[in-house]
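Source file: model.cif (mmCIF, C-alpha atoms)
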```cif
data_final
loop_
_atom_site.label_atom_id
_atom_site.label_comp_id
_atom_site.auth_asym_id
_atom_site.auth_seq_id
_atom_site.Cartn_x
_atom_site.Cartn_y
_atom_site.Cartn_z
CA MET A 1 -15.73 49.44 7.80
CA LEU A 2 -15.13 49.59 4.06
CA SER A 3 -11.42 50.03 4.51
CA GLY A 4 -11.39 47.03 6.88
CA LEU A 5 -13.04 44.93 4.18
CA ALA A 6 -10.57 46.16 1.59
CA ASN A 7 -7.70 45.33 3.93
CA GLY A 8 -9.09 41.83 4.47
CA LEU A 9 -9.43 41.25 0.74
CA ARG A 10 -5.94 42.58 0.18
CA GLY A 11 -4.67 40.19 2.85
CA ILE A 12 -6.31 37.19 1.17
CA GLY A 13 -4.95 38.22 -2.21
CA ARG A 14 -1.47 38.65 -0.81
CA ARG A 15 -1.59 35.21 0.78
CA VAL A 16 -2.75 33.53 -2.43
CA VAL A 17 -0.10 35.26 -4.52
CA ASP A 18 2.51 34.46 -1.89
CA GLY A 19 1.43 30.82 -1.84
CA VAL A 20 1.64 30.45 -5.62
CA TRP A 21 5.00 32.19 -5.56
CA ARG A 22 6.37 29.83 -2.95
CA MET A 23 4.99 26.87 -4.87
CA GLY A 24 6.90 27.98 -7.94
CA VAL A 25 10.12 28.51 -5.98
CA ALA A 26 9.68 25.11 -4.30
CA THR A 27 9.29 23.42 -7.70
CA ARG A 28 12.41 25.13 -9.01
CA PHE A 29 14.20 24.12 -5.83
CA PHE A 30 13.11 20.49 -6.28
CA LEU A 31 14.28 20.41 -9.91
CA LEU A 32 17.56 22.04 -8.91
CA THR A 33 18.04 19.38 -6.25
CA LEU A 34 17.46 16.58 -8.76
CA PHE A 35 19.77 18.29 -11.23
CA HIS A 36 22.57 18.48 -8.65
CA SER A 37 22.15 14.93 -7.29
CA GLY A 38 24.76 13.38 -9.56
CA GLN A 39 27.52 14.99 -7.55
CA SER A 40 26.23 13.64 -4.25
CA PHE A 41 25.97 10.12 -5.66
CA ARG A 42 29.65 10.29 -6.50
CA ARG A 43 30.30 11.16 -2.85
CA PHE A 44 28.06 8.46 -1.45
CA GLN A 45 29.47 8.82 2.06
CA LEU A 46 27.42 12.02 2.39
CA ILE A 47 24.21 10.15 1.57
CA ILE A 48 25.15 7.35 3.99
CA ARG A 49 25.46 9.89 6.78
CA GLU A 50 22.02 11.30 5.94
CA ILE A 51 20.49 7.80 5.84
CA PHE A 52 21.90 7.44 9.34
CA THR A 53 20.38 10.67 10.68
CA ALA A 54 17.06 10.35 8.86
CA GLY A 55 16.57 6.58 8.81
CA VAL A 56 18.52 4.84 11.54
CA LEU A 57 17.75 7.44 14.18
CA SER A 58 14.01 7.21 13.35
CA LEU A 59 14.05 3.43 13.77
CA ILE A 60 13.08 3.31 17.44
CA ILE A 61 10.01 5.51 17.13
CA ILE A 62 8.91 3.70 13.94
CA LEU A 63 9.32 0.22 15.41
CA VAL A 64 7.64 1.01 18.72
CA SER A 65 4.71 2.86 17.14
CA GLY A 66 4.30 0.10 14.55
CA LEU A 67 4.11 -2.51 17.27
CA PHE A 68 1.52 -0.55 19.24
CA VAL A 69 -0.60 0.34 16.19
CA GLY A 70 -0.64 -3.35 15.26
CA MET A 71 -1.59 -4.36 18.78
CA VAL A 72 -4.45 -1.84 18.87
CA LEU A 73 -5.63 -3.07 15.46
CA GLY A 74 -5.59 -6.61 16.81
CA LEU A 75 -7.68 -5.67 19.84
CA GLN A 76 -10.17 -3.45 18.04
CA GLY A 77 -10.44 -5.73 15.03
CA TYR A 78 -11.13 -8.73 17.23
CA GLU A 79 -13.85 -6.85 19.14
CA THR A 80 -15.67 -5.99 15.92
CA LEU A 81 -15.08 -9.23 14.03
CA GLN A 82 -16.20 -11.53 16.82
CA THR A 83 -19.68 -10.00 16.75
CA TYR A 84 -19.94 -11.46 13.23
CA GLY A 85 -18.28 -14.70 14.24
CA SER A 86 -15.41 -14.21 11.82
CA GLU A 87 -12.44 -13.57 14.09
CA GLU A 88 -10.27 -15.71 11.77
CA ALA A 89 -10.34 -12.75 9.38
CA LEU A 90 -8.29 -10.77 11.92
CA GLY A 91 -5.12 -11.50 9.96
CA ILE A 92 -6.61 -10.00 6.79
CA LEU A 93 -7.82 -6.93 8.63
CA VAL A 94 -4.50 -6.23 10.34
CA ALA A 95 -2.34 -6.97 7.30
CA LEU A 96 -4.38 -5.11 4.70
CA SER A 97 -4.93 -1.99 6.77
CA LEU A 98 -1.23 -1.84 7.67
CA VAL A 99 0.26 -2.66 4.28
CA ARG A 100 -2.10 -0.51 2.26
CA GLU A 101 -2.68 2.52 4.46
CA LEU A 102 -1.36 2.74 7.99
CA GLY A 103 2.17 1.57 7.26
CA PRO A 104 3.04 4.19 4.63
CA VAL A 105 0.88 6.98 6.11
CA VAL A 106 1.70 6.74 9.82
CA ALA A 107 5.36 6.02 9.11
CA ALA A 108 5.47 9.12 6.89
CA LEU A 109 3.72 11.25 9.52
CA LEU A 110 6.21 10.11 12.15
CA PHE A 111 9.04 10.63 9.71
CA ALA A 112 7.85 14.18 9.01
CA SER A 113 7.84 15.07 12.67
CA ARG A 114 11.01 13.15 13.58
CA ALA A 115 13.30 13.67 10.58
CA GLY A 116 11.57 16.38 8.53
CA SER A 117 11.55 18.90 11.36
CA ALA A 118 15.20 18.12 12.10
CA ILE A 119 16.16 18.75 8.47
CA THR A 120 14.32 22.08 8.43
CA ALA A 121 15.85 23.22 11.71
CA GLU A 122 19.33 22.18 10.63
CA ILE A 123 19.23 23.92 7.25
CA GLY A 124 17.43 26.95 8.69
CA LEU A 125 20.12 27.29 11.33
CA MET A 126 22.85 26.81 8.75
CA LYS A 127 21.32 29.69 6.87
CA ALA A 128 20.87 31.83 9.98
CA THR A 129 24.52 31.34 10.94
CA GLU A 130 25.54 32.12 7.36
CA GLN A 131 27.16 28.75 6.74
CA ILE A 132 25.34 28.49 3.45
CA ALA A 133 26.49 31.92 2.38
CA ALA A 134 30.01 30.90 3.36
CA MET A 135 29.80 27.83 1.15
CA GLU A 136 28.75 29.96 -1.77
CA MET A 137 31.72 32.21 -1.08
CA MET A 138 34.00 29.17 -1.33
CA ALA A 139 32.34 28.19 -4.63
CA VAL A 140 30.78 25.12 -3.00
CA ASP A 141 27.25 24.66 -4.29
CA PRO A 142 25.09 24.37 -1.13
CA ILE A 143 22.36 22.55 -3.07
CA ALA A 144 24.78 19.83 -4.13
CA ARG A 145 26.65 19.68 -0.81
CA VAL A 146 23.85 20.16 1.75
CA VAL A 147 20.46 19.69 0.13
CA ALA A 148 20.85 16.81 -2.34
CA PRO A 149 22.44 14.30 0.10
CA ARG A 150 19.70 15.00 2.64
CA PHE A 151 17.07 14.55 -0.04
CA TRP A 152 18.38 11.16 -1.16
CA GLY A 153 19.14 9.96 2.34
CA ALA A 154 15.57 10.61 3.43
CA VAL A 155 13.97 9.30 0.23
CA ILE A 156 15.97 6.05 0.45
CA SER A 157 15.10 5.62 4.15
CA MET A 158 11.36 6.12 3.82
CA PRO A 159 10.28 2.85 2.11
CA PHE A 160 12.40 0.82 4.52
CA LEU A 161 10.86 2.58 7.49
CA ALA A 162 7.33 2.03 6.15
CA ALA A 163 8.03 -1.67 5.52
CA LEU A 164 9.47 -2.05 9.02
CA PHE A 165 6.42 -0.28 10.44
CA SER A 166 4.05 -2.66 8.63
CA ALA A 167 6.07 -5.72 9.60
CA MET A 168 6.18 -4.69 13.25
CA GLY A 169 2.46 -3.90 13.15
CA ILE A 170 1.62 -7.33 11.81
CA LEU A 171 3.76 -8.89 14.52
CA GLY A 172 1.89 -6.75 17.08
CA GLY A 173 -1.46 -7.89 15.67
CA TYR A 174 -0.20 -11.48 15.85
CA LEU A 175 0.92 -11.02 19.46
CA VAL A 176 -2.45 -9.69 20.58
CA GLY A 177 -4.69 -11.73 18.27
CA VAL A 178 -3.06 -15.14 18.39
CA ILE A 179 -0.99 -15.26 21.56
CA LEU A 180 -3.10 -13.10 23.88
CA ILE A 181 -6.67 -13.65 22.65
CA GLY A 182 -6.20 -17.04 21.07
CA VAL A 183 -7.35 -16.69 17.46
CA ASP A 184 -6.32 -19.78 15.52
CA GLU A 185 -2.77 -19.28 14.29
CA GLY A 186 -3.16 -21.27 11.08
CA SER A 187 -6.16 -19.36 9.84
CA PHE A 188 -4.62 -16.04 10.94
CA TRP A 189 -1.68 -16.49 8.57
CA SER A 190 -3.35 -18.47 5.79
CA GLN A 191 -6.30 -16.09 5.39
CA MET A 192 -3.85 -13.21 5.41
CA GLN A 193 -1.75 -14.81 2.71
CA ALA A 194 -4.80 -15.57 0.61
CA ALA A 195 -6.00 -11.96 0.75
CA VAL A 196 -2.80 -9.92 0.51
CA ASP A 197 -1.44 -9.64 -3.01
CA PHE A 198 2.21 -8.81 -3.54
CA LYS A 199 1.72 -6.46 -6.48
CA GLU A 200 -1.66 -4.99 -5.57
CA ASP A 201 -1.04 -4.38 -1.89
CA ILE A 202 2.60 -4.60 -0.87
CA LEU A 203 4.19 -3.00 -3.92
CA ASN A 204 1.58 -0.24 -3.98
CA GLY A 205 2.33 0.41 -0.32
CA VAL A 206 6.03 0.73 -1.13
CA ILE A 207 5.23 3.14 -3.99
CA LYS A 208 3.11 5.19 -1.60
CA SER A 209 5.92 5.42 0.92
CA VAL A 210 8.39 6.54 -1.76
CA VAL A 211 5.99 9.31 -2.86
CA PHE A 212 5.43 10.40 0.75
CA GLY A 213 9.18 10.35 1.35
CA ILE A 214 9.78 12.67 -1.61
CA ALA A 215 6.97 15.01 -0.53
CA VAL A 216 8.08 15.24 3.11
CA THR A 217 11.72 15.74 2.25
CA VAL A 218 11.14 18.38 -0.40
CA ILE A 219 8.86 20.32 1.97
CA ALA A 220 11.34 20.02 4.85
CA LEU A 221 14.34 21.06 2.74
CA PHE A 222 12.52 23.93 1.11
CA GLU A 223 11.10 25.29 4.36
CA GLY A 224 14.59 25.19 5.87
CA TYR A 225 16.19 26.82 2.87
CA ASP A 226 13.48 29.44 2.67
CA ALA A 227 13.34 30.24 6.40
CA PRO A 228 14.03 33.82 7.50
CA PRO A 229 17.47 33.73 9.14
CA THR A 230 16.22 34.46 12.65
CA ALA A 231 15.42 32.28 15.65
CA GLU A 232 11.73 32.97 15.16
CA GLY A 233 11.94 32.29 11.44
CA VAL A 234 13.54 28.89 11.99
CA SER A 235 10.98 27.93 14.62
CA ARG A 236 8.14 28.94 12.32
CA ALA A 237 9.64 27.05 9.41
CA THR A 238 9.92 23.91 11.53
CA THR A 239 6.26 24.16 12.51
CA ARG A 240 5.27 24.74 8.91
CA THR A 241 7.24 21.69 7.80
CA VAL A 242 5.32 19.40 10.12
CA VAL A 243 1.92 20.94 9.32
CA THR A 244 2.40 21.17 5.55
CA SER A 245 3.94 17.74 5.14
CA SER A 246 1.26 16.09 7.27
CA LEU A 247 -1.42 17.66 5.11
CA ALA A 248 0.50 16.75 1.95
CA ILE A 249 0.80 13.12 3.09
CA LEU A 250 -2.92 12.79 3.78
CA GLY A 251 -3.92 14.56 0.55
CA LEU A 252 -1.51 12.54 -1.57
CA ASP A 253 -2.69 9.37 0.16
CA PHE A 254 -6.24 10.02 -0.97
CA ILE A 255 -5.14 10.63 -4.55
CA LEU A 256 -2.88 7.57 -4.65
CA THR A 257 -5.51 5.34 -3.06
CA ALA A 258 -8.08 6.51 -5.59
CA PHE A 259 -5.69 5.53 -8.38
CA MET A 260 -4.47 2.25 -6.91
CA PHE A 261 -7.42 0.53 -5.28
CA ARG A 262 -10.43 1.35 -7.38
CA GLY A 263 -11.84 -2.12 -6.92
CA VAL A 264 -11.58 -4.68 -9.68
CA MET B 1 37.86 3.30 1.83
CA GLN B 2 37.52 4.17 5.46
CA ARG B 3 35.00 2.22 7.47
CA ALA B 4 32.98 4.06 10.06
CA THR B 5 30.45 2.90 12.63
CA ILE B 6 27.87 4.90 10.71
CA ASP B 7 28.31 2.51 7.78
CA LEU B 8 27.58 -0.43 10.04
CA TRP B 9 24.39 1.15 11.33
CA VAL B 10 23.21 2.11 7.86
CA GLY B 11 24.03 -1.43 6.72
CA ILE B 12 21.95 -2.89 9.55
CA PHE B 13 19.13 -0.48 8.72
CA VAL B 14 19.10 -1.37 5.01
CA VAL B 15 19.29 -5.11 5.73
CA ALA B 16 16.45 -4.82 8.25
CA GLY B 17 14.40 -2.85 5.71
CA PHE B 18 14.91 -5.48 3.03
CA ALA B 19 14.12 -8.20 5.56
CA ALA B 20 10.85 -6.43 6.38
CA ILE B 21 9.89 -6.21 2.70
CA LEU B 22 10.80 -9.89 2.29
CA PHE B 23 8.72 -10.77 5.36
CA LEU B 24 5.76 -8.87 3.91
CA ALA B 25 6.19 -10.56 0.55
CA LEU B 26 6.63 -14.13 1.75
CA LYS B 27 4.81 -14.41 5.05
CA VAL B 28 2.05 -11.82 4.64
CA GLY B 29 1.55 -11.85 0.89
CA ASN B 30 1.29 -14.80 -1.43
CA MET B 31 4.64 -14.59 -3.17
CA GLY B 32 6.43 -17.88 -3.38
CA GLY B 33 3.16 -19.67 -2.84
CA PHE B 34 0.98 -20.78 -5.66
CA ASP B 35 1.88 -18.00 -8.10
CA SER B 36 5.43 -19.11 -8.71
CA THR B 37 4.49 -22.57 -9.93
CA ALA B 38 3.86 -23.30 -13.61
CA THR B 39 0.29 -22.80 -14.77
CA TYR B 40 -1.83 -23.32 -17.84
CA VAL B 41 -4.81 -21.20 -18.81
CA VAL B 42 -8.22 -22.53 -19.82
CA LYS B 43 -11.29 -20.50 -20.69
CA ALA B 44 -14.86 -20.90 -19.61
CA SER B 45 -18.00 -18.94 -20.49
CA PHE B 46 -20.73 -18.31 -17.96
CA ASP B 47 -24.18 -16.82 -18.41
CA ASN B 48 -23.76 -15.01 -15.09
CA ILE B 49 -20.70 -14.74 -12.88
CA GLY B 50 -22.42 -13.03 -9.97
CA GLY B 51 -19.77 -11.49 -7.74
CA LEU B 52 -16.80 -13.49 -9.03
CA LYS B 53 -13.56 -11.51 -8.95
CA VAL B 54 -10.15 -11.81 -10.53
CA ARG B 55 -7.83 -13.87 -8.26
CA ALA B 56 -10.79 -15.82 -6.87
CA PRO B 57 -9.79 -19.44 -6.16
CA VAL B 58 -10.53 -22.35 -8.48
CA LYS B 59 -11.21 -25.47 -6.45
CA SER B 60 -11.64 -29.09 -7.25
CA ALA B 61 -12.90 -31.35 -4.49
CA GLY B 62 -12.42 -28.35 -2.20
CA VAL B 63 -8.68 -28.05 -2.90
CA VAL B 64 -7.39 -24.86 -4.50
CA VAL B 65 -5.98 -25.87 -7.91
CA GLY B 66 -5.79 -22.46 -9.57
CA ARG B 67 -7.01 -18.88 -9.69
CA VAL B 68 -9.22 -16.76 -11.90
CA SER B 69 -6.76 -14.75 -13.97
CA ASP B 70 -9.09 -12.66 -16.12
CA ILE B 71 -12.76 -11.81 -16.52
CA SER B 72 -14.15 -10.13 -19.61
CA PHE B 73 -17.47 -9.76 -21.42
CA ASP B 74 -17.93 -11.64 -24.67
CA GLY B 75 -19.85 -9.18 -26.84
CA ALA B 76 -20.78 -11.79 -29.46
CA ALA B 77 -22.33 -14.38 -27.18
CA TYR B 78 -23.40 -11.96 -24.42
CA GLU B 79 -21.67 -14.12 -21.88
CA ALA B 80 -18.90 -13.63 -19.36
CA SER B 81 -15.60 -15.08 -20.50
CA VAL B 82 -13.44 -16.21 -17.57
CA SER B 83 -9.80 -17.30 -17.81
CA LEU B 84 -8.68 -19.82 -15.23
CA SER B 85 -4.97 -20.35 -14.64
CA LEU B 86 -4.59 -23.84 -13.26
CA ASP B 87 -1.61 -25.39 -11.56
CA ALA B 88 0.32 -27.42 -14.12
CA ARG B 89 0.63 -30.28 -11.64
CA TYR B 90 -3.09 -31.01 -11.98
CA LYS B 91 -4.59 -32.26 -15.23
CA PHE B 92 -8.32 -32.33 -15.88
CA PRO B 93 -10.28 -34.27 -18.53
CA LYS B 94 -11.70 -32.37 -21.50
CA ASP B 95 -15.30 -32.74 -20.33
CA THR B 96 -14.65 -31.21 -16.91
CA SER B 97 -17.49 -28.98 -15.80
CA ALA B 98 -17.12 -25.62 -14.03
CA ALA B 99 -19.63 -24.06 -11.66
CA ILE B 100 -19.56 -20.83 -9.72
CA MET B 101 -20.17 -21.54 -6.05
CA THR B 102 -20.27 -19.49 -2.88
CA SER B 103 -18.32 -20.51 0.18
CA GLY B 104 -20.80 -20.25 3.00
CA LEU B 105 -24.02 -18.32 2.68
CA LEU B 106 -22.46 -14.91 2.13
CA GLY B 107 -18.82 -15.82 1.57
CA GLU B 108 -16.61 -15.17 -1.43
CA GLN B 109 -17.37 -16.84 -4.73
CA TYR B 110 -15.12 -19.44 -6.32
CA ILE B 111 -15.15 -21.77 -9.29
CA ALA B 112 -15.61 -25.45 -8.61
CA LEU B 113 -14.29 -27.91 -11.17
CA GLU B 114 -15.89 -31.34 -11.45
CA ALA B 115 -13.76 -33.80 -13.39
CA GLY B 116 -15.39 -35.71 -16.26
CA GLY B 117 -14.47 -39.06 -17.80
CA ASP B 118 -12.76 -38.04 -21.04
CA GLU B 119 -9.45 -39.65 -21.97
CA LYS B 120 -8.03 -36.40 -23.32
CA MET B 121 -6.84 -33.73 -20.90
CA LEU B 122 -7.35 -29.98 -20.95
CA ALA B 123 -4.36 -28.09 -22.29
CA GLN B 124 -3.27 -24.45 -22.53
CA GLY B 125 -5.94 -22.36 -24.29
CA ASP B 126 -8.69 -24.98 -24.23
CA GLY B 127 -12.24 -24.11 -23.27
CA ILE B 128 -14.55 -25.65 -20.72
CA THR B 129 -17.96 -26.10 -22.29
CA LEU B 130 -20.02 -27.44 -19.41
CA THR B 131 -20.53 -24.47 -17.15
CA GLN B 132 -23.02 -23.37 -14.57
CA GLY B 133 -23.24 -19.70 -13.66
CA ALA B 134 -23.69 -18.14 -10.28
CA VAL B 135 -26.97 -18.54 -8.48
CA VAL B 136 -28.50 -15.10 -8.11
CA LEU B 137 -30.33 -14.83 -4.82
CA GLU B 138 -32.92 -12.41 -6.21
CA ASN B 139 -33.90 -14.83 -9.01
CA LEU B 140 -34.14 -17.64 -6.51
CA ILE B 141 -36.48 -15.63 -4.28
CA GLY B 142 -38.46 -14.54 -7.33
CA GLN B 143 -38.92 -18.14 -8.49
CA PHE B 144 -39.92 -19.22 -5.03
CA LEU B 145 -42.53 -16.47 -4.71
CA TYR B 146 -43.84 -17.19 -8.21
CA SER B 147 -44.23 -20.90 -7.61
CA LYS B 148 -45.77 -20.26 -4.21
CA SER B 149 -48.40 -17.90 -5.58
CA GLU B 150 -49.13 -20.40 -8.36
CA SER B 151 -49.69 -23.24 -5.92
CA ASP B 152 -51.79 -20.92 -3.73
CA ALA B 153 -53.96 -20.08 -6.75
CA LYS B 154 -54.33 -23.77 -7.56
CA ALA B 155 -55.33 -24.50 -3.98
CA ALA B 156 -57.90 -21.70 -4.18
CA ASP B 157 -59.27 -23.15 -7.46
CA GLY B 158 -59.55 -26.61 -5.93
CA SER B 159 -61.52 -25.40 -2.93
CA GLN B 160 -64.18 -23.75 -5.07
#
```

Could you render the structure from this file as structure tokens?
Amino acid sequence: MLSGLANGLRGIGRRVVDGVWRMGVATRFFLLTLFHSGQSFRRFQLIIREIFTAGVLSLIIILVSGLFVGMVLGLQGYETLQTYGSEEALGILVALSLVRELGPVVAALLFASRAGSAITAEIGLMKATEQIAAMEMMAVDPIARVVAPRFWGAVISMPFLAALFSAMGILGGYLVGVILIGVDEGSFWSQMQAAVDFKEDILNGVIKSVVFGIAVTVIALFEGYDAPPTAEGVSRATTRTVVTSSLAILGLDFILTAFMFRGV
Amino acid sequence: MQRATIDLWVGIFVVAGFAAILFLALKVGNMGGFDSTATYVVKASFDNIGGLKVRAPVKSAGVVVGRVSDISFDGAAYEASVSLSLDARYKFPKDTSAAIMTSGLLGEQYIALEAGGDEKMLAQGDGITLTQGAVVLENLIGQFLYSKSESDAKAADGSQ
């Protein structure tokens, strides 16, 4: 009984120490990546290829989900707003919730599961098949050659994906609200334009998506780089990437929202 | 430099991303609307601004002619000091009066400008002296109850 308790305590302690340790290594890894980025900017073709795999290949899922999220917002928002007789405010509701929150957050969550997991699996497998060790043998820095281009490719893609998500969502809200249900088109757009501020809402949304992009990519790269070089290790690392980055996105979103929209 | 299909796709992606941001800025937000035109700032002091917020509209005859650009508390006069940035296309006489109104019963608050008859026009940095603060619903109810109880008391006195 007592030894079981001691074992449990030891387990907790080991996990905490391990977590702090990994946090430190991840930070060093992030700084190392930034430090080695200059090289990958000189070979921009590498970054272009990563924008393709992270950004362009995520387009379909981002666009389709954006459209559907916007359409659901249009339906649900209309249901609620019409009980107060203010269905003209549907444009405000759809635009503000997408631009401020749903666009950056949902796009980042999708990005984490679509592109983040792919990055982790790819790097983890590279490590398992000793490609990274081979690069080191040839005096090619794997951080500069493999990690930094993926980092910048994903970080550059993220704000574009979030903006496309929001734009598609607003179009979806317009489709359902104006064309299907028949909310007045003029007031839909004009009330939206009166309420959405470029600096307060749109720019802050873009900043959010950049922060989420950095967080997701660093987590994905680090989990891949840190994965045990076995099939099981890579699969676990991929799962951890999705779980950790989703939690990081939601936590960071709360912090950023608290800073950005504290009400005038 | 060699051109690959990947470059084309990335180009399309980046262009689409910028187009989305532009769409958000122009069609969804208010960039390119009123904000880009030239404005001049006038100040007005109110005894009570109620729920007035920065960026609330300034209307004259119901047409939006500007926005509230800043709200601060004047510690010397114990009044709210409100800066209005007005569209430079519209000129108002010096004795224009400003009142805080509510659109609808529970709608957002805005500032209504009522033009006066002065020959001189308001310019950058001028102040509006004739102001009327927001109507506070609680005070209104309080006054109503007070006057009602007073008239009730009078009626009771008369019947005796």

Selected by the PyMOL selection byres ((chain A and resi 155) around 12) in the shown coordinates: which residues, as an mmCIF file with C-alpha atoms, in the frame of the given file?
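Output file expr13.cif follows:
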```cif
data_model
loop_
_atom_site.group_PDB
_atom_site.id
_atom_site.type_symbol
_atom_site.label_atom_id
_atom_site.label_comp_id
_atom_site.auth_asym_id
_atom_site.auth_seq_id
_atom_site.Cartn_x
_atom_site.Cartn_y
_atom_site.Cartn_z
ATOM 1 C CA ILE A 47 24.210 10.150 1.570
ATOM 2 C CA ILE A 48 25.150 7.350 3.990
ATOM 3 C CA GLU A 50 22.020 11.300 5.940
ATOM 4 C CA ILE A 51 20.490 7.800 5.840
ATOM 5 C CA ALA A 54 17.060 10.350 8.860
ATOM 6 C CA GLY A 55 16.570 6.580 8.810
ATOM 7 C CA ALA A 108 5.470 9.120 6.890
ATOM 8 C CA PHE A 111 9.040 10.630 9.710
ATOM 9 C CA ALA A 112 7.850 14.180 9.010
ATOM 10 C CA ALA A 115 13.300 13.670 10.580
ATOM 11 C CA GLY A 116 11.570 16.380 8.530
ATOM 12 C CA ALA A 148 20.850 16.810 -2.340
ATOM 13 C CA PRO A 149 22.440 14.300 0.100
ATOM 14 C CA ARG A 150 19.700 15.000 2.640
ATOM 15 C CA PHE A 151 17.070 14.550 -0.040
ATOM 16 C CA TRP A 152 18.380 11.160 -1.160
ATOM 17 C CA GLY A 153 19.140 9.960 2.340
ATOM 18 C CA ALA A 154 15.570 10.610 3.430
ATOM 19 C CA ILE A 156 15.970 6.050 0.450
ATOM 20 C CA SER A 157 15.100 5.620 4.150
ATOM 21 C CA MET A 158 11.360 6.120 3.820
ATOM 22 C CA PRO A 159 10.280 2.850 2.110
ATOM 23 C CA PHE A 160 12.400 0.820 4.520
ATOM 24 C CA LEU A 161 10.860 2.580 7.490
ATOM 25 C CA ALA A 162 7.330 2.030 6.150
ATOM 26 C CA VAL A 206 6.030 0.730 -1.130
ATOM 27 C CA ILE A 207 5.230 3.140 -3.990
ATOM 28 C CA LYS A 208 3.110 5.190 -1.600
ATOM 29 C CA SER A 209 5.920 5.420 0.920
ATOM 30 C CA VAL A 210 8.390 6.540 -1.760
ATOM 31 C CA VAL A 211 5.990 9.310 -2.860
ATOM 32 C CA PHE A 212 5.430 10.400 0.750
ATOM 33 C CA GLY A 213 9.180 10.350 1.350
ATOM 34 C CA ILE A 214 9.780 12.670 -1.610
ATOM 35 C CA ALA A 215 6.970 15.010 -0.530
ATOM 36 C CA VAL A 216 8.080 15.240 3.110
ATOM 37 C CA THR A 217 11.720 15.740 2.250
ATOM 38 C CA VAL A 218 11.140 18.380 -0.400
ATOM 39 C CA ALA A 220 11.340 20.020 4.850
#
```

Proximity of chain A to chain B: per-residue shortest pair, 7 Å limit, only C-alpha atoms, as CSV:
```
residue,atom,partner,partner_atom,distance
A:Ile48,CA,B:Val10,CA,6.8
A:Arg49,CA,B:Ile6,CA,6.8
A:Ile51,CA,B:Val10,CA,6.6
A:Phe52,CA,B:Val10,CA,5.7
A:Val56,CA,B:Phe13,CA,6.1
A:Phe160,CA,B:Gly17,CA,4.3
A:Leu161,CA,B:Gly17,CA,6.7
A:Ala163,CA,B:Ala20,CA,5.6
A:Leu164,CA,B:Ala20,CA,5.3
A:Ala167,CA,B:Ala20,CA,5.8
A:Met192,CA,B:Val28,CA,6.1
A:Gln193,CA,B:Gly29,CA,4.8
A:Ala194,CA,B:Asn30,CA,6.5
A:Val196,CA,B:Gly29,CA,4.8
A:Asp197,CA,B:Gly29,CA,5.4
A:Phe198,CA,B:Gly29,CA,5.4
```

Export C-alpha atoms of the chosen residues as a PDB file, in the coordinates of the input?
```
ATOM      1  CA  ILE A  48      25.150   7.350   3.990  1.00  0.00           C
ATOM      2  CA  ARG A  49      25.460   9.890   6.780  1.00  0.00           C
ATOM      3  CA  ILE A  51      20.490   7.800   5.840  1.00  0.00           C
ATOM      4  CA  PHE A  52      21.900   7.440   9.340  1.00  0.00           C
ATOM      5  CA  VAL A  56      18.520   4.840  11.540  1.00  0.00           C
ATOM      6  CA  PHE A 160      12.400   0.820   4.520  1.00  0.00           C
ATOM      7  CA  LEU A 161      10.860   2.580   7.490  1.00  0.00           C
ATOM      8  CA  ALA A 163       8.030  -1.670   5.520  1.00  0.00           C
ATOM      9  CA  LEU A 164       9.470  -2.050   9.020  1.00  0.00           C
ATOM     10  CA  ALA A 167       6.070  -5.720   9.600  1.00  0.00           C
ATOM     11  CA  MET A 192      -3.850 -13.210   5.410  1.00  0.00           C
ATOM     12  CA  GLN A 193      -1.750 -14.810   2.710  1.00  0.00           C
ATOM     13  CA  ALA A 194      -4.800 -15.570   0.610  1.00  0.00           C
ATOM     14  CA  VAL A 196      -2.800  -9.920   0.510  1.00  0.00           C
ATOM     15  CA  ASP A 197      -1.440  -9.640  -3.010  1.00  0.00           C
ATOM     16  CA  PHE A 198       2.210  -8.810  -3.540  1.00  0.00           C
TER      17      PHE A 198
END
```

request  = Starting from the shown file, work through the PyMOL selection byres ((chain A and resi 76-91) around 8) and note down what comes out as a VMD selection string.
outcome  = chain A and resid 72 to 75 92 to 95 173 to 174 177 183 to 184 187 to 189 191 to 192

key: Polymer residues at most 12 Å from Ala26 (chain A), only C-alpha atoms, same-chain spacing of 5 or more positions, as a list in words   = Gly19, Val20, Trp21, Leu31, Leu32, Thr33, Ala215, Thr217, Val218, Ile219, Ala220, Leu221, Phe222, Glu223, Gly224, Tyr225 and Asp226 of chain A

Residues as selected, C-alpha atoms, written as a JSON list (two decimals), in the coordinates of the input, can you do that?
```
[["chain", "number", "residue", "atom", "x", "y", "z"],
["A", 19, "GLY", "CA", 1.43, 30.82, -1.84],
["A", 20, "VAL", "CA", 1.64, 30.45, -5.62],
["A", 21, "TRP", "CA", 5.00, 32.19, -5.56],
["A", 31, "LEU", "CA", 14.28, 20.41, -9.91],
["A", 32, "LEU", "CA", 17.56, 22.04, -8.91],
["A", 33, "THR", "CA", 18.04, 19.38, -6.25],
["A", 215, "ALA", "CA", 6.97, 15.01, -0.53],
["A", 217, "THR", "CA", 11.72, 15.74, 2.25],
["A", 218, "VAL", "CA", 11.14, 18.38, -0.40],
["A", 219, "ILE", "CA", 8.86, 20.32, 1.97],
["A", 220, "ALA", "CA", 11.34, 20.02, 4.85],
["A", 221, "LEU", "CA", 14.34, 21.06, 2.74],
["A", 222, "PHE", "CA", 12.52, 23.93, 1.11],
["A", 223, "GLU", "CA", 11.10, 25.29, 4.36],
["A", 224, "GLY", "CA", 14.59, 25.19, 5.87],
["A", 225, "TYR", "CA", 16.19, 26.82, 2.87],
["A", 226, "ASP", "CA", 13.48, 29.44, 2.67]]
```
